[in-house]
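Q: Handing you this structure, nothing more for now.
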Amino acid sequence: MRWPWTGGEDDEKKSRSVSRVESVKTTNWSSMFTEPRILIPSLVFTATSVSAIRVYKSYLRRIPSVNHIKPDYFRRRSLFGRVTSVGDADNFRLFHTPGGRLAGWGWLPWKRVPTTREGLVNKTIHIRIAGVDAPELAHWGREAQPFSKEALDWLSEYILHKRVRVKIYRRDQYGRVVGQVYVRKWLLRKDIGLEMLKIGLATVYEAKTGSEYGEFEQLYRDTEEKARKAKVGMWTKPTILGRLRGEEAKAVESPRDYKTRHAAAEKQKKSA
């Protein structure tokens with residue numbers, strides 16, 4: 001006989017039931033992280049998410065200016081984008097459009113290249129074409145070189161508002177990205193610097209430091225020599241009619257010689 005104030009069999013049953021429920025809950029929570037049907041999808045989801053973030057940061061995130069290019073990108077990566085303006089005949093401004101049309105650039109409403117100067121401020125990358133030097137335009141009180149306007153007009157027609165790819169090498173002292181530039185013409189990939197050398201509107205870049213040719217230095221030099229022999233562009237000689245008019249063949253001053261001459265003159269002026 002049990003005393004009235006002591007628990008009965010029902011209480012014992014309830015206690016055992018609670019213990020079993022708590023045991024089941026503990027087992028369920030611990031097995032949740034080990035069961036293949038739960039563990040495998042969780043791992044796949046995590047790996048996919050991490051990979052997607054990496055792909056976005058590496059290939060789909062837009063780089064608005066040279067200051068946003070990571071140092072380890074140089075000599076390892078390329079930039080794809082639209083040319084928004086051409087400065088001298090060997091440099092231009094690029095609006096980075098990572099992924100191109102496949103990523104929505106040009107047809108998605110929120111992925112449009114700005115068309116106004118205000119819309120492009122601080123959103124473009126200044127590109128210097130590697131390996132070549134084009135005739136200098138008139139600036140800083142200096143006279144224009146022969147064929148400087150022709151070179152500028154050619155480059156503008158060839159790449160302005162076009163999509164190009166730039167294999168980036170380094171950042172120069174003027175805050176520009178020096179790189180090999182390519183554009184598609186009739187499904188063929190054209191090296192802009194090489195094309196300018198072919199038609200005699202640029203020379204191979206010559207400097208004690210800072211020269212960048214990738215793996216194409218000898219090709220560039222051979223191409224310039226062919227243009228010289230063919231007398232095209234800046235290497236053109238007066239025609240027979242021109243010689244009858246008294247025109248004389250003048251030695252061509254390369255862009256490097258032009259810069260050296262003016263730098264020496266300015267230095268002499270300062271020291272006088």
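Each chain in the structure tokens gets a letter, A, B and so on, in the order shown; residues start at 1 in every chain, and ligands are counted from 1 in the order they appear.
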Can you list, as a VMD selection string, every residue of region 114-150 of chain A that DSSP puts in strand (DSSP E or B)?
A: chain A and resid 125 to 129 132 to 133
Q: So that I can check the secondary structure, give me every residue of region 52-267 of chain A assigned helix (DSSP H, G or I) by backbone DSSP, as a PyMOL selection string.
A: chain A and resi 52-60+66-68+71-73+100-103+117-120+148-159+192-198+217-230+233-235+240-244+255-267
Q: Using only C-alpha atoms, can you tell me which of A:Glu217, A:Pro255, A:Leu194, A:Gly175 comes closest to Ser148 (chain A)?
A: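 Looking only at the distances to Ser148 (chain A), the closest residue turns out to be A:Pro255.
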Q: Can you list, as a list in words, every protein, DNA or RNA residue that comes within 10 Å of Phe147 (chain A) when you count only C-alpha atoms, leaving out same-chain residues fewer than 3 positions away?
A: Ala134, Pro135, Glu136, Leu137, Ala144, Glu150, Ala151, Leu152, Asp153, Gly200, Leu201, Ala202, Gly233, Met234 and Trp235 of chain A
Q: What lies within 8 Å of Val232 (chain A) using only C-alpha atoms, ignoring chain neighbours under 4 positions off, as a PyMOL selection string?
A: chain A and resi 199-200+227-228+236
Q: Dump all heavy atoms for the selected residues as a compact mmCIF listing (two decimals), in the first residue's frame?
A:
```
# COMPACT_ATOMS: atom_id res chain seq x y z
N ILE A 199 51.28 49.74 -90.03
CA ILE A 199 50.92 50.84 -90.93
C ILE A 199 51.78 52.08 -90.70
O ILE A 199 51.50 53.14 -91.24
CB ILE A 199 49.43 51.20 -90.80
CG1 ILE A 199 49.09 51.60 -89.35
CG2 ILE A 199 48.56 50.04 -91.25
CD1 ILE A 199 47.65 52.05 -89.17
N GLY A 200 52.82 51.93 -89.89
CA GLY A 200 53.77 53.02 -89.71
C GLY A 200 53.26 54.18 -88.89
O GLY A 200 53.73 55.32 -89.06
N ALA A 227 57.76 48.05 -91.93
CA ALA A 227 57.06 49.29 -92.25
C ALA A 227 58.04 50.35 -92.76
O ALA A 227 57.72 51.12 -93.68
CB ALA A 227 56.32 49.80 -91.01
N ARG A 228 59.23 50.39 -92.17
CA ARG A 228 60.26 51.33 -92.64
C ARG A 228 60.62 51.05 -94.09
O ARG A 228 60.69 51.96 -94.92
CB ARG A 228 61.52 51.20 -91.77
CG ARG A 228 61.43 51.83 -90.39
CD ARG A 228 62.69 51.51 -89.61
NE ARG A 228 62.69 52.05 -88.27
CZ ARG A 228 63.24 53.22 -87.91
NH1 ARG A 228 63.85 53.96 -88.85
NH2 ARG A 228 63.20 53.64 -86.67
N THR A 236 56.96 57.44 -94.73
CA THR A 236 56.69 57.80 -96.12
C THR A 236 57.71 58.82 -96.63
O THR A 236 58.06 59.78 -95.92
CB THR A 236 55.28 58.40 -96.25
OG1 THR A 236 54.33 57.45 -95.78
CG2 THR A 236 54.96 58.75 -97.70
```
Q: Name the residues in contact with Phe74 (chain A) at a cut-off of 9 Å, using only C-alpha atoms, excluding same-chain residues fewer than 4 positions from it; report them as a tab-separated table (two decimals) with N, CA, C and O atoms, in the first residue's frame.
A:
```
chain	number	residue	atom	x	y	z
A	69	ILE	N	42.61	47.81	-58.65
A	69	ILE	CA	43.24	46.60	-59.18
A	69	ILE	C	44.22	46.05	-58.15
A	69	ILE	O	45.14	46.75	-57.71
A	70	LYS	N	44.04	44.83	-57.77
A	70	LYS	CA	44.93	44.21	-56.79
A	70	LYS	C	46.30	43.96	-57.41
A	70	LYS	O	46.40	43.62	-58.60
A	78	SER	N	43.45	39.73	-67.19
A	78	SER	CA	43.12	40.67	-68.25
A	78	SER	C	41.82	41.38	-67.89
A	78	SER	O	41.04	40.90	-67.07
A	167	LYS	N	45.50	42.71	-71.60
A	167	LYS	CA	46.33	41.89	-70.73
A	167	LYS	C	47.22	42.84	-69.95
A	167	LYS	O	48.11	43.46	-70.50
A	168	ILE	N	46.98	42.97	-68.65
A	168	ILE	CA	47.62	44.04	-67.88
A	168	ILE	C	48.99	43.60	-67.35
A	168	ILE	O	49.16	42.49	-66.86
A	169	TYR	N	49.96	44.53	-67.46
A	169	TYR	CA	51.33	44.26	-67.03
A	169	TYR	C	51.69	44.98	-65.73
A	169	TYR	O	52.20	44.40	-64.79
A	170	ARG	N	51.43	46.28	-65.70
A	170	ARG	CA	51.82	47.04	-64.51
A	170	ARG	C	51.13	48.41	-64.53
A	170	ARG	O	50.50	48.79	-65.51
A	171	ARG	N	51.33	49.13	-63.43
A	171	ARG	CA	50.86	50.52	-63.34
A	171	ARG	C	52.06	51.44	-63.51
A	171	ARG	O	53.09	51.24	-62.86
```
Q: For region 84-93 of chain A, find every residue with an atom within 10 Å (counting only C-alpha atoms), except residues of its own chain fewer than 5 positions away, and show them as number ranges by chain.
A: A: 113-117, 120, 123-138, 148-157, 159-163, 176-178, 192-193, 196, 201-202
Q: For a test of reading the model, state the distance in Å between CA of Tyr220 (chain A) and CA of Asp191 (chain A), rounded to one decimal.
A: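 Between CA of Tyr220 (chain A) and CA of Asp191 (chain A) the gap is 10.6 Å.
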Q: Which is closest to Val181 (chain A) among A:Gln268, A:Glu253, A:Leu94, A:Lys229, if we use only C-alpha atoms?
A: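 Going through A:Gln268, A:Glu253, A:Leu94, A:Lys229 one by one, the smallest distance to Val181 (chain A) is for A:Leu94.
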Q: Pick out the residues sitting within 12 Å of region 104-108 of chain A, and hand them over as a list of chain:residue names; count only C-alpha atoms, and ignore anything fewer than 5 positions along from it in its own chain.
A: A:Leu60, A:Arg62, A:Phe80, A:Gly81, A:Arg82, A:Phe95, A:His96, A:Thr97, A:Pro98, A:Gly99, A:Val113, A:Pro114, A:Arg163
Q: Go through A:Glu143, A:Glu225, A:Glu215, A:Glu118 and flag the residue nearest Tyr258 (chain A), using only C-alpha atoms for the distances.
A: A:Glu143
Q: Provide the CA of Asp257 (chain A) to CA of Tyr158 (chain A) distance in Å, to one decimal place.
A: 26.6 Å
Q: Figure out the distance between CA of Gly210 (chain A) and CA of Ala265 (chain A), please, to one decimal in Å.
A: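 So the answer is 22.9 Å.
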